[in-house]
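K.L.:
Dropping in protein35.tsv, with TSV, C-alpha atoms (C1' of nucleotides).
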chain	number	residue	atom	x	y	z
W	1366	MET	CA	40.12	-10.18	-105.04
W	1367	VAL	CA	40.64	-12.29	-101.98
W	1368	VAL	CA	40.30	-10.30	-98.80
W	1369	SER	CA	41.17	-11.24	-95.27
W	1370	LEU	CA	41.26	-9.45	-91.98
W	1371	ALA	CA	44.99	-10.09	-91.95
W	1372	GLN	CA	45.30	-8.04	-95.13
W	1373	ILE	CA	43.37	-5.23	-93.52
W	1374	ARG	CA	45.69	-5.32	-90.55
W	1375	GLU	CA	48.64	-5.07	-92.94
W	1376	THR	CA	47.12	-2.24	-94.95
W	1377	SER	CA	46.02	-0.34	-91.90
W	1378	GLY	CA	47.15	-2.07	-88.75
W	1379	GLU	CA	45.41	0.57	-86.73
W	1380	VAL	CA	41.80	-0.25	-87.57
W	1381	PHE	CA	41.20	-1.10	-83.96
W	1382	MET	CA	43.10	1.90	-82.58
W	1383	GLU	CA	41.47	5.14	-81.58
W	1384	GLY	CA	41.89	8.05	-83.96
W	1385	CYS	CA	42.83	5.76	-86.85
W	1386	PRO	CA	42.05	7.35	-90.25
W	1387	THR	CA	40.09	4.27	-91.26
W	1388	ARG	CA	37.76	4.82	-88.33
W	1389	VAL	CA	37.18	8.42	-89.37
W	1390	VAL	CA	36.26	7.50	-92.94
W	1391	LEU	CA	34.11	4.61	-91.76
W	1392	ASP	CA	32.21	7.03	-89.54
W	1393	HIS	CA	31.49	9.23	-92.56
W	1394	ILE	CA	30.38	6.60	-95.04
W	1395	MET	CA	28.76	4.12	-92.65
W	1396	SER	CA	26.77	6.77	-90.81
W	1397	LYS	CA	23.00	6.62	-90.83
W	1398	TRP	CA	22.63	9.32	-93.49
W	1399	GLY	CA	25.97	8.84	-95.24
W	1400	VAL	CA	25.07	5.46	-96.72
W	1401	LEU	CA	21.63	6.60	-97.83
W	1402	VAL	CA	22.95	9.72	-99.57
W	1403	LEU	CA	25.71	7.76	-101.29
W	1404	LEU	CA	23.17	5.12	-102.26
W	1405	ALA	CA	20.82	7.71	-103.72
W	1406	LEU	CA	23.62	9.18	-105.81
W	1407	THR	CA	24.53	5.74	-107.16
W	1408	ASP	CA	21.58	6.11	-109.50
W	1409	GLY	CA	23.16	9.20	-110.99
W	1410	THR	CA	23.32	12.95	-110.53
W	1411	LEU	CA	20.69	14.50	-108.30
W	1412	ARG	CA	19.76	18.05	-107.35
W	1413	TRP	CA	19.48	19.19	-103.74
W	1414	GLY	CA	15.70	19.00	-103.71
W	1415	GLU	CA	15.67	15.59	-105.37
W	1416	LEU	CA	18.09	14.25	-102.77
W	1417	ARG	CA	15.95	15.64	-99.99
W	1418	ARG	CA	12.88	13.88	-101.37
W	1419	GLU	CA	14.72	10.67	-102.20
W	1420	VAL	CA	16.25	10.18	-98.77
W	1421	GLN	CA	13.04	10.27	-96.78
W	1422	GLY	CA	13.22	11.62	-93.25
W	1423	ILE	CA	16.48	13.51	-93.60
W	1424	SER	CA	16.44	17.07	-92.31
W	1425	GLU	CA	17.90	19.95	-94.27
W	1426	LYS	CA	20.58	20.36	-91.66
W	1427	MET	CA	21.71	16.74	-91.88
W	1428	LEU	CA	21.55	16.69	-95.67
W	1429	ALA	CA	23.74	19.79	-95.79
W	1430	SER	CA	26.33	18.53	-93.30
W	1431	THR	CA	26.38	15.02	-94.79
W	1432	LEU	CA	26.97	16.41	-98.27
W	1433	ARG	CA	29.69	18.75	-97.01
W	1434	THR	CA	31.50	15.87	-95.31
W	1435	LEU	CA	31.29	13.58	-98.33
W	1436	GLU	CA	32.40	16.39	-100.63
W	1437	ALA	CA	35.38	17.15	-98.37
W	1438	ASP	CA	36.26	13.44	-98.52
W	1439	GLY	CA	36.30	13.63	-102.30
W	1440	LEU	CA	33.51	11.10	-102.65
W	1441	VAL	CA	30.82	13.46	-103.90
W	1442	ALA	CA	31.15	16.31	-106.41
W	1443	ARG	CA	29.07	19.48	-106.09
W	1444	THR	CA	28.32	21.49	-109.23
W	1445	SER	CA	26.65	24.89	-108.92
W	1446	TYR	CA	25.13	26.56	-111.98
W	1447	PRO	CA	24.99	30.39	-111.95
W	1448	GLU	CA	21.32	30.59	-112.79
W	1449	VAL	CA	18.19	32.09	-111.33
W	1450	PRO	CA	16.69	30.23	-109.63
W	1451	PRO	CA	19.88	28.52	-108.49
W	1452	ARG	CA	20.57	24.94	-109.51
W	1453	VAL	CA	23.05	22.67	-107.74
W	1454	GLU	CA	23.82	19.11	-108.67
W	1455	TYR	CA	25.50	16.35	-106.71
W	1456	ALA	CA	27.17	13.28	-108.17
W	1457	LEU	CA	29.61	10.56	-107.14
W	1458	THR	CA	33.25	11.16	-108.00
W	1459	ASP	CA	35.39	8.35	-109.43
W	1460	LEU	CA	36.52	7.64	-105.88
W	1461	GLY	CA	32.91	7.56	-104.76
W	1462	ARG	CA	32.01	5.09	-107.47
W	1463	GLU	CA	34.91	2.87	-106.44
W	1464	LEU	CA	33.57	2.94	-102.93
W	1465	MET	CA	30.02	2.13	-103.97
W	1466	ASP	CA	31.24	-0.80	-106.06
W	1467	ARG	CA	32.26	-2.31	-102.73
W	1468	MET	CA	29.29	-1.12	-100.74
W	1469	LEU	CA	26.49	-2.22	-103.05
W	1470	PRO	CA	27.01	-5.97	-102.55
W	1471	LEU	CA	26.81	-5.38	-98.80
W	1472	VAL	CA	23.65	-3.29	-98.98
W	1473	GLU	CA	22.14	-5.76	-101.42
W	1474	TRP	CA	22.75	-8.58	-98.96
W	1475	VAL	CA	21.32	-6.59	-96.06
W	1476	ALA	CA	18.25	-5.64	-98.11
W	1477	GLY	CA	17.70	-9.32	-98.84
W	1478	HIS	CA	18.03	-10.45	-95.22
W	1479	ALA	CA	16.70	-7.46	-93.28
W	1480	ASP	CA	13.15	-8.78	-92.93
W	1481	ALA	CA	14.32	-12.11	-91.52
W	1482	ILE	CA	16.71	-10.35	-89.15
W	1483	VAL	CA	14.42	-7.73	-87.63
W	1484	GLU	CA	11.45	-10.03	-87.08
W	1485	ARG	CA	13.36	-12.06	-84.52
K	1206	MET	CA	27.53	-11.41	-108.65
K	1207	VAL	CA	26.47	-8.31	-110.50
K	1208	VAL	CA	24.76	-5.84	-108.26
K	1209	SER	CA	22.88	-2.69	-109.14
K	1210	LEU	CA	20.86	-0.18	-107.19
K	1211	ALA	CA	17.90	-1.27	-109.30
K	1212	GLN	CA	18.26	-4.75	-107.84
K	1213	ILE	CA	18.28	-3.32	-104.36
K	1214	ARG	CA	15.12	-1.38	-105.11
K	1215	GLU	CA	13.50	-4.61	-106.27
K	1216	THR	CA	14.67	-6.61	-103.28
K	1217	SER	CA	13.72	-3.92	-100.83
K	1218	GLY	CA	12.04	-1.02	-102.56
K	1219	GLU	CA	11.81	0.80	-99.27
K	1220	VAL	CA	15.48	1.45	-98.63
K	1221	PHE	CA	14.85	5.15	-98.84
K	1222	MET	CA	11.66	5.08	-96.76
K	1223	GLU	CA	11.58	5.72	-93.04
K	1224	GLY	CA	11.18	2.70	-90.80
K	1225	CYS	CA	12.31	0.31	-93.52
K	1226	PRO	CA	13.81	-2.91	-92.07
K	1227	THR	CA	16.92	-2.45	-94.17
K	1228	ARG	CA	17.55	0.88	-92.47
K	1229	VAL	CA	17.25	-0.75	-89.06
K	1230	VAL	CA	19.78	-3.47	-89.85
K	1231	LEU	CA	22.12	-0.99	-91.52
K	1232	ASP	CA	22.00	1.09	-88.35
K	1233	HIS	CA	23.10	-1.94	-86.35
K	1234	ILE	CA	25.93	-3.20	-88.50
K	1235	MET	CA	27.19	0.12	-89.89
K	1236	SER	CA	27.24	1.82	-86.50
K	1237	LYS	CA	30.52	3.10	-85.12
K	1238	TRP	CA	31.03	0.16	-82.79
K	1239	GLY	CA	29.04	-2.45	-84.72
K	1240	VAL	CA	31.53	-2.67	-87.57
K	1241	LEU	CA	34.52	-2.82	-85.26
K	1242	VAL	CA	33.05	-5.59	-83.11
K	1243	LEU	CA	32.04	-7.62	-86.17
K	1244	LEU	CA	35.49	-7.02	-87.62
K	1245	ALA	CA	37.21	-8.19	-84.45
K	1246	LEU	CA	35.16	-11.39	-84.43
K	1247	THR	CA	36.08	-12.10	-88.04
K	1248	ASP	CA	39.41	-13.33	-86.72
K	1249	GLY	CA	37.62	-15.95	-84.67
K	1250	THR	CA	36.04	-16.49	-81.28
K	1251	LEU	CA	36.87	-13.94	-78.60
K	1252	ARG	CA	36.10	-13.60	-74.92
K	1253	TRP	CA	34.51	-10.47	-73.46
K	1254	GLY	CA	37.77	-9.14	-72.12
K	1255	GLU	CA	39.60	-9.85	-75.34
K	1256	LEU	CA	36.96	-7.98	-77.32
K	1257	ARG	CA	37.18	-5.06	-74.93
K	1258	ARG	CA	40.94	-4.85	-75.42
K	1259	GLU	CA	40.78	-5.47	-79.18
K	1260	VAL	CA	38.29	-2.73	-79.93
K	1261	GLN	CA	40.19	0.14	-78.37
K	1262	GLY	CA	38.18	2.96	-76.88
K	1263	ILE	CA	34.90	1.09	-76.49
K	1264	SER	CA	33.24	1.41	-73.11
K	1265	GLU	CA	31.77	-1.56	-71.27
K	1266	LYS	CA	28.31	-0.15	-71.76
K	1267	MET	CA	28.67	0.15	-75.53
K	1268	LEU	CA	30.33	-3.25	-75.86
K	1269	ALA	CA	27.47	-4.83	-73.94
K	1270	SER	CA	24.71	-3.13	-75.90
K	1271	THR	CA	26.44	-3.66	-79.24
K	1272	LEU	CA	26.85	-7.36	-78.52
K	1273	ARG	CA	23.24	-7.67	-77.38
K	1274	THR	CA	22.00	-6.06	-80.58
K	1275	LEU	CA	24.16	-8.19	-82.84
K	1276	GLU	CA	23.18	-11.31	-80.93
K	1277	ALA	CA	19.48	-10.44	-81.24
K	1278	ASP	CA	20.03	-9.98	-84.97
K	1279	GLY	CA	21.46	-13.48	-85.17
K	1280	LEU	CA	24.83	-12.27	-86.38
K	1281	VAL	CA	26.82	-13.08	-83.24
K	1282	ALA	CA	26.58	-16.15	-81.01
K	1283	ARG	CA	27.14	-15.91	-77.27
K	1284	THR	CA	28.35	-18.99	-75.40
K	1285	SER	CA	28.52	-18.98	-71.62
K	1286	TYR	CA	30.44	-21.63	-69.74
K	1287	PRO	CA	29.25	-22.48	-66.22
K	1288	GLU	CA	32.65	-22.10	-64.62
K	1289	VAL	CA	34.20	-20.09	-61.85
K	1290	PRO	CA	35.43	-17.62	-62.78
K	1291	PRO	CA	32.85	-17.25	-65.54
K	1292	ARG	CA	33.92	-17.47	-69.15
K	1293	VAL	CA	31.87	-16.16	-72.06
K	1294	GLU	CA	32.79	-16.42	-75.72
K	1295	TYR	CA	31.50	-14.56	-78.73
K	1296	ALA	CA	31.70	-15.71	-82.34
K	1297	LEU	CA	30.14	-14.94	-85.69
K	1298	THR	CA	27.18	-17.08	-86.71
K	1299	ASP	CA	26.87	-18.41	-90.25
K	1300	LEU	CA	24.72	-15.38	-91.02
K	1301	GLY	CA	27.37	-13.13	-89.54
K	1302	ARG	CA	30.06	-14.72	-91.67
K	1303	GLU	CA	27.92	-14.22	-94.78
K	1304	LEU	CA	27.64	-10.58	-93.85
K	1305	MET	CA	31.35	-10.14	-93.26
K	1306	ASP	CA	32.12	-11.75	-96.61
K	1307	ARG	CA	30.43	-8.68	-98.10
K	1308	MET	CA	31.77	-6.17	-95.62
K	1309	LEU	CA	35.44	-7.09	-95.71
K	1310	PRO	CA	36.07	-5.88	-99.29
K	1311	LEU	CA	34.52	-2.56	-98.32
K	1312	VAL	CA	36.59	-2.16	-95.17
K	1313	GLU	CA	39.67	-3.27	-97.04
K	1314	TRP	CA	39.10	-0.55	-99.63
K	1315	VAL	CA	38.49	2.07	-96.96
K	1316	ALA	CA	41.62	1.03	-95.07
K	1317	GLY	CA	43.62	1.44	-98.25
K	1318	HIS	CA	42.25	4.88	-99.09
K	1319	ALA	CA	41.60	6.38	-95.66
K	1320	ASP	CA	44.91	8.21	-95.40
K	1321	ALA	CA	44.46	9.90	-98.79
K	1322	ILE	CA	40.88	10.83	-97.92
K	1323	VAL	CA	41.36	12.35	-94.49
K	1324	GLU	CA	44.45	14.41	-95.36
K	1325	ARG	CA	42.47	16.57	-97.76
L	1253	DC	C1'	35.49	-12.42	-64.99
L	1254	DG	C1'	31.53	-10.73	-67.20
L	1255	DG	C1'	28.41	-8.06	-66.96
L	1256	DA	C1'	24.02	-4.81	-65.07
L	1257	DA	C1'	22.55	-0.49	-63.04
L	1258	DT	C1'	22.89	4.26	-62.31
L	1259	DC	C1'	24.15	8.93	-63.13
L	1260	DC	C1'	25.28	12.46	-66.07
L	1261	DC	C1'	26.79	15.29	-69.91
L	1262	DA	C1'	27.97	16.84	-74.92
L	1263	DG	C1'	26.51	17.23	-79.06
L	1264	DG	C1'	23.92	14.97	-82.81
L	1265	DC	C1'	19.91	15.92	-84.66
L	1266	DG	C1'	15.21	17.83	-85.77
L	1267	DA	C1'	12.10	21.89	-86.36
L	1268	DT	C1'	11.55	26.30	-87.65
L	1269	DA	C1'	12.55	30.65	-89.60
L	1270	DC	C1'	15.15	33.32	-92.58
L	1271	DT	C1'	18.17	34.72	-96.94
L	1272	DG	C1'	20.66	35.25	-101.60
I	972	DC	C1'	15.77	26.72	-105.21
I	973	DA	C1'	19.40	25.87	-102.22
I	974	DG	C1'	20.87	26.51	-98.56
I	975	DT	C1'	22.25	29.10	-93.47
I	976	DA	C1'	21.09	30.38	-88.63
I	977	DT	C1'	19.19	29.57	-84.32
I	978	DC	C1'	17.11	27.11	-80.64
I	979	DG	C1'	16.25	23.29	-77.89
I	980	DC	C1'	15.50	18.37	-77.14
I	981	DC	C1'	16.89	13.96	-76.43
I	982	DT	C1'	19.72	10.19	-76.49
I	983	DG	C1'	24.20	8.03	-77.49
I	984	DG	C1'	27.63	7.11	-74.85
I	985	DG	C1'	31.34	7.72	-70.94
I	986	DA	C1'	32.46	7.02	-65.93
I	987	DT	C1'	31.56	4.78	-61.96
I	988	DT	C1'	29.75	1.45	-58.89
I	989	DC	C1'	27.91	-2.89	-57.70
I	990	DC	C1'	26.64	-7.97	-58.30
I	991	DG	C1'	26.73	-13.39	-59.31
So that I can check it, write out the structure of this file as structure tokens.
P.N.:
Amino acid sequence: MVVSLAQIRETSGEVFMEGCPTRVVLDHIMSKWGVLVLLALTDGTLRWGELRREVQGISEKMLASTLRTLEADGLVARTSYPEVPPRVEYALTDLGRELMDRMLPLVEWVAGHADAIVER
Amino acid sequence: MVVSLAQIRETSGEVFMEGCPTRVVLDHIMSKWGVLVLLALTDGTLRWGELRREVQGISEKMLASTLRTLEADGLVARTSYPEVPPRVEYALTDLGRELMDRMLPLVEWVAGHADAIVER
DNA sequence: CGGAATCCCAGGCGATACTG
DNA sequence: CAGTATCGCCTGGGATTCCG
């Protein structure tokens, strides 16, 4: 797939306008914790506690609100099992996987160049 | 290029650790204004005033600090011409273009799905 | 024109405690 | 275990003014 900025302008000519839907979604998925949570779930389904441990440094509050946002966006699916003690699992939806197919190459590139970039 | 989370873990096994360089760079380029500025420069060289008008809603303070960060990261090049009135141009570096090659497919996808996502 | 400096505020975010 | 509730900090970020 060839992609150009012109195409983006056609698809959503408002990317650079305030209140544009694209900006809203970008804010969700490109946020500090959004990417890390999505990234963690790329491995597969995780429970609340596993996510909390995986994404080091995230507070319970931010994990909760990040997950709620991503679930509302239809990118993450929450499954609650009626057990005692309670068990809740989070996984990417099909939409979420589509998204991560596009995001992984970017993160991969950043991971490969981050050291060179920050040591300037 | 096939990309997996496993590869990312190999390249930078610390993505999920606090203070990891990858997190720092991600914070720069995936920030609210970082993406929009990089996106605007994908079209080509722009002057300060053009950038300010292109990225609607950005304040002078945020434009300045965003540009300084991206320039320090080696993703954006700043060229100042010794004229009166002063003229300053910003453009992507080779590194910045490499980055945007990976980011454009992602933004393109988001632009195409944003409406469906936010109207939930 | 292209910024830098200053002031100031909302709310993002962390820490802690509590609950079903 | 998987959250919610509450409090309070601190800083991201807007508005304004000034400078080379």
K.L.:
Which is closer to chain L than all the others in K:Glu1324, K:Glu1276, K:Glu1294, K:Asp1232, using all atoms listed in the file?
P.N.:
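Once distances to chain L are computed over all atoms listed in the file, the minimum belongs to K:Glu1294.
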K.L.:
For chain I, which of K:Asp1278, K:Asp1306, K:Glu1288, K:Glu1259 is the closest residue, counting all atoms listed in the file?
P.N.:
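Answer, going by the shortest atom-to-atom distance: K:Glu1288.
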K.L.:
Can you give me chain K superposed onto chain W, least-squares on all Cα in order, written as an mmCIF file with C-alpha atoms, keeping the file's coordinate frame?
P.N.:
data_model
loop_
_atom_site.group_PDB
_atom_site.id
_atom_site.type_symbol
_atom_site.label_atom_id
_atom_site.label_comp_id
_atom_site.auth_asym_id
_atom_site.auth_seq_id
_atom_site.Cartn_x
_atom_site.Cartn_y
_atom_site.Cartn_z
ATOM 1 C CA MET K 1206 39.900 -10.295 -105.012
ATOM 2 C CA VAL K 1207 40.511 -12.367 -101.931
ATOM 3 C CA VAL K 1208 40.237 -10.345 -98.788
ATOM 4 C CA SER K 1209 41.139 -11.270 -95.243
ATOM 5 C CA LEU K 1210 41.233 -9.418 -91.966
ATOM 6 C CA ALA K 1211 44.969 -10.080 -91.964
ATOM 7 C CA GLN K 1212 45.239 -8.036 -95.145
ATOM 8 C CA ILE K 1213 43.340 -5.218 -93.531
ATOM 9 C CA ARG K 1214 45.684 -5.303 -90.563
ATOM 10 C CA GLU K 1215 48.613 -5.038 -92.962
ATOM 11 C CA THR K 1216 47.080 -2.229 -94.980
ATOM 12 C CA SER K 1217 46.000 -0.325 -91.922
ATOM 13 C CA GLY K 1218 47.158 -2.030 -88.764
ATOM 14 C CA GLU K 1219 45.418 0.605 -86.711
ATOM 15 C CA VAL K 1220 41.817 -0.204 -87.534
ATOM 16 C CA PHE K 1221 41.199 -1.072 -83.929
ATOM 17 C CA MET K 1222 43.101 1.913 -82.520
ATOM 18 C CA GLU K 1223 41.454 5.173 -81.563
ATOM 19 C CA GLY K 1224 41.903 8.073 -83.949
ATOM 20 C CA CYS K 1225 42.837 5.790 -86.830
ATOM 21 C CA PRO K 1226 42.053 7.378 -90.233
ATOM 22 C CA THR K 1227 40.097 4.308 -91.256
ATOM 23 C CA ARG K 1228 37.760 4.844 -88.319
ATOM 24 C CA VAL K 1229 37.186 8.441 -89.370
ATOM 25 C CA VAL K 1230 36.261 7.524 -92.937
ATOM 26 C CA LEU K 1231 34.111 4.620 -91.771
ATOM 27 C CA ASP K 1232 32.239 7.046 -89.536
ATOM 28 C CA HIS K 1233 31.510 9.225 -92.555
ATOM 29 C CA ILE K 1234 30.388 6.617 -95.038
ATOM 30 C CA MET K 1235 28.764 4.130 -92.646
ATOM 31 C CA SER K 1236 26.786 6.791 -90.806
ATOM 32 C CA LYS K 1237 23.007 6.636 -90.830
ATOM 33 C CA TRP K 1238 22.617 9.291 -93.500
ATOM 34 C CA GLY K 1239 25.964 8.831 -95.256
ATOM 35 C CA VAL K 1240 25.066 5.451 -96.718
ATOM 36 C CA LEU K 1241 21.639 6.583 -97.844
ATOM 37 C CA VAL K 1242 22.951 9.701 -99.580
ATOM 38 C CA LEU K 1243 25.725 7.743 -101.305
ATOM 39 C CA LEU K 1244 23.170 5.117 -102.277
ATOM 40 C CA ALA K 1245 20.819 7.705 -103.743
ATOM 41 C CA LEU K 1246 23.628 9.182 -105.833
ATOM 42 C CA THR K 1247 24.538 5.756 -107.181
ATOM 43 C CA ASP K 1248 21.581 6.132 -109.518
ATOM 44 C CA GLY K 1249 23.156 9.230 -110.998
ATOM 45 C CA THR K 1250 23.315 12.978 -110.545
ATOM 46 C CA LEU K 1251 20.674 14.526 -108.308
ATOM 47 C CA ARG K 1252 19.732 18.054 -107.351
ATOM 48 C CA TRP K 1253 19.449 19.167 -103.727
ATOM 49 C CA GLY K 1254 15.687 18.970 -103.701
ATOM 50 C CA GLU K 1255 15.665 15.593 -105.379
ATOM 51 C CA LEU K 1256 18.086 14.230 -102.796
ATOM 52 C CA ARG K 1257 15.957 15.630 -100.004
ATOM 53 C CA ARG K 1258 12.882 13.868 -101.368
ATOM 54 C CA GLU K 1259 14.742 10.647 -102.214
ATOM 55 C CA VAL K 1260 16.248 10.145 -98.786
ATOM 56 C CA GLN K 1261 13.040 10.236 -96.791
ATOM 57 C CA GLY K 1262 13.207 11.592 -93.278
ATOM 58 C CA ILE K 1263 16.469 13.501 -93.628
ATOM 59 C CA SER K 1264 16.413 17.060 -92.360
ATOM 60 C CA GLU K 1265 17.917 19.944 -94.306
ATOM 61 C CA LYS K 1266 20.589 20.324 -91.677
ATOM 62 C CA MET K 1267 21.703 16.698 -91.894
ATOM 63 C CA LEU K 1268 21.560 16.656 -95.689
ATOM 64 C CA ALA K 1269 23.750 19.746 -95.804
ATOM 65 C CA SER K 1270 26.322 18.483 -93.327
ATOM 66 C CA THR K 1271 26.373 14.987 -94.811
ATOM 67 C CA LEU K 1272 26.972 16.393 -98.281
ATOM 68 C CA ARG K 1273 29.691 18.721 -97.009
ATOM 69 C CA THR K 1274 31.499 15.838 -95.338
ATOM 70 C CA LEU K 1275 31.283 13.565 -98.354
ATOM 71 C CA GLU K 1276 32.392 16.383 -100.627
ATOM 72 C CA ALA K 1277 35.377 17.138 -98.377
ATOM 73 C CA ASP K 1278 36.259 13.446 -98.521
ATOM 74 C CA GLY K 1279 36.293 13.623 -102.303
ATOM 75 C CA LEU K 1280 33.506 11.096 -102.665
ATOM 76 C CA VAL K 1281 30.816 13.479 -103.914
ATOM 77 C CA ALA K 1282 31.149 16.328 -106.411
ATOM 78 C CA ARG K 1283 29.083 19.487 -106.073
ATOM 79 C CA THR K 1284 28.330 21.522 -109.194
ATOM 80 C CA SER K 1285 26.657 24.904 -108.906
ATOM 81 C CA TYR K 1286 25.151 26.605 -111.919
ATOM 82 C CA PRO K 1287 25.029 30.415 -111.892
ATOM 83 C CA GLU K 1288 21.361 30.635 -112.765
ATOM 84 C CA VAL K 1289 18.251 32.153 -111.301
ATOM 85 C CA PRO K 1290 16.752 30.299 -109.630
ATOM 86 C CA PRO K 1291 19.939 28.566 -108.510
ATOM 87 C CA ARG K 1292 20.557 24.971 -109.472
ATOM 88 C CA VAL K 1293 23.038 22.698 -107.722
ATOM 89 C CA GLU K 1294 23.817 19.118 -108.665
ATOM 90 C CA TYR K 1295 25.507 16.365 -106.728
ATOM 91 C CA ALA K 1296 27.178 13.287 -108.188
ATOM 92 C CA LEU K 1297 29.599 10.578 -107.168
ATOM 93 C CA THR K 1298 33.248 11.160 -108.022
ATOM 94 C CA ASP K 1299 35.385 8.360 -109.435
ATOM 95 C CA LEU K 1300 36.512 7.656 -105.881
ATOM 96 C CA GLY K 1301 32.905 7.570 -104.759
ATOM 97 C CA ARG K 1302 32.006 5.107 -107.484
ATOM 98 C CA GLU K 1303 34.915 2.876 -106.455
ATOM 99 C CA LEU K 1304 33.560 2.943 -102.940
ATOM 100 C CA MET K 1305 30.015 2.125 -103.975
ATOM 101 C CA ASP K 1306 31.249 -0.797 -106.059
ATOM 102 C CA ARG K 1307 32.262 -2.322 -102.720
ATOM 103 C CA MET K 1308 29.280 -1.119 -100.743
ATOM 104 C CA LEU K 1309 26.499 -2.215 -103.064
ATOM 105 C CA PRO K 1310 27.001 -5.977 -102.543
ATOM 106 C CA LEU K 1311 26.819 -5.370 -98.806
ATOM 107 C CA VAL K 1312 23.651 -3.295 -98.984
ATOM 108 C CA GLU K 1313 22.154 -5.768 -101.404
ATOM 109 C CA TRP K 1314 22.773 -8.587 -98.935
ATOM 110 C CA VAL K 1315 21.339 -6.580 -96.057
ATOM 111 C CA ALA K 1316 18.259 -5.664 -98.088
ATOM 112 C CA GLY K 1317 17.701 -9.331 -98.810
ATOM 113 C CA HIS K 1318 18.055 -10.461 -95.202
ATOM 114 C CA ALA K 1319 16.724 -7.479 -93.260
ATOM 115 C CA ASP K 1320 13.187 -8.797 -92.898
ATOM 116 C CA ALA K 1321 14.372 -12.138 -91.488
ATOM 117 C CA ILE K 1322 16.759 -10.363 -89.123
ATOM 118 C CA VAL K 1323 14.458 -7.767 -87.616
ATOM 119 C CA GLU K 1324 11.487 -10.095 -87.060
ATOM 120 C CA ARG K 1325 13.418 -12.132 -84.517
#
K.L.:
Please build the interface table for chain I against chain K with a cut-off of 12 Å, listing for each qualifying residue the nearest atom pair and the distance in Å to one decimal; count all atoms listed in the file, order rows by chain and increasing number, and write it as CSV.
P.N.:
residue,atom,partner,partner_atom,distance
I:DG983,C1',K:Met1267,CA,9.3
I:DG984,C1',K:Met1267,CA,7.1
I:DG985,C1',K:Ser1264,CA,6.9
I:DA986,C1',K:Ser1264,CA,9.1
I:DT987,C1',K:Glu1265,CA,11.3
I:DG991,C1',K:Pro1291,CA,9.5
K.L.:
Show me a table, sorted first by chain and then by increasing residue number, of the residues of chain L having an atom at most 9 Å from chain W, each with its shortest atom pair and the distance in Å to one decimal, counting all atoms listed in the file and written as CSV.
P.N.:
residue,atom,partner,partner_atom,distance
L:DC1265,C1',W:Met1427,CA,7.5
L:DG1266,C1',W:Ser1424,CA,6.7
L:DA1267,C1',W:Ser1424,CA,8.8
K.L.:
Out of K:Leu1272, K:Leu1241, K:Val1289, K:Ala1282, which residue has the shortest atom-to-atom distance to chain W when counting only C-alpha atoms?
P.N.:
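Answer, going by the shortest atom-to-atom distance: K:Leu1241.
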K.L.:
Tell me, as an NGL selection string, which residues lie within 8 Å of range 1255-1260 of chain L, counting all atoms listed in the file; anything in the same chain fewer than 6 positions away does not count.
P.N.:
(:K and (1269)) or (:I and (989-990))
K.L.:
Let's have the selection written as a PDB file, in the coordinates of the input, with C-alpha atoms (C1' of nucleotides).
P.N.:
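For reference, again_38.pdb as written:
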ATOM      1  CA  ALA K1269      27.470  -4.830 -73.940  1.00  0.00           C
TER       2      ALA K1269
ATOM      3  C1'  DC I 989      27.910  -2.890 -57.700  1.00  0.00           C
ATOM      4  C1'  DC I 990      26.640  -7.970 -58.300  1.00  0.00           C
TER       5       DC I 990
END
K.L.:
Select residues of chain K: the criterion is any atom within 8 Å of an atom of chain W, counting only C-alpha atoms; output as an MDAnalysis selection string.
P.N.:
chainID K and resid 1208:1210 1212:1213 1216:1217 1220:1223 1226:1227 1229:1232 1235:1237 1241 1244 1247:1248 1259:1262 1277:1279 1304 1307:1317 1319:1320 1322:1323 1325
K.L.:
Rounded to one decimal place, report the CA of Leu1416 in chain W-C1' of DT977 in chain I distance in Å.
P.N.:
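Computed distance, CA of Leu1416 in chain W to C1' of DT977 in chain I, equals 24.0 Å.
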K.L.:
Between C1' of DA1262 in chain L and CA of Ser1270 in chain K, what is the distance, to one decimal in Å?
P.N.:
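CA of Ser1270 in chain K lies at a distance of 20.3 Å from C1' of DA1262 in chain L.
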K.L.:
Please, what is the axis-aligned box for every listed atom of range 1445-1463 of chain W with 5 Å on each side, as centre and edge lengths in Å to one decimal, as JSON?
P.N.:
{"center_x": 26.6, "center_y": 17.5, "center_z": -108.8, "size_x": 29.8, "size_y": 39.2, "size_z": 18.0}
K.L.:
Up to 6 Å from (20.7, 19.0, -105.5) in the file's coordinates: name the residues, counting all atoms listed in the file, as JSON, numbers by chain.
P.N.:
{"W": [1411, 1412, 1413, 1414, 1453, 1454, 1455]}
K.L.:
So how far away is C1' of DT988 in chain I from CA of Ser1285 in chain K, in Å?
P.N.:
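So the answer is 24.1 Å.
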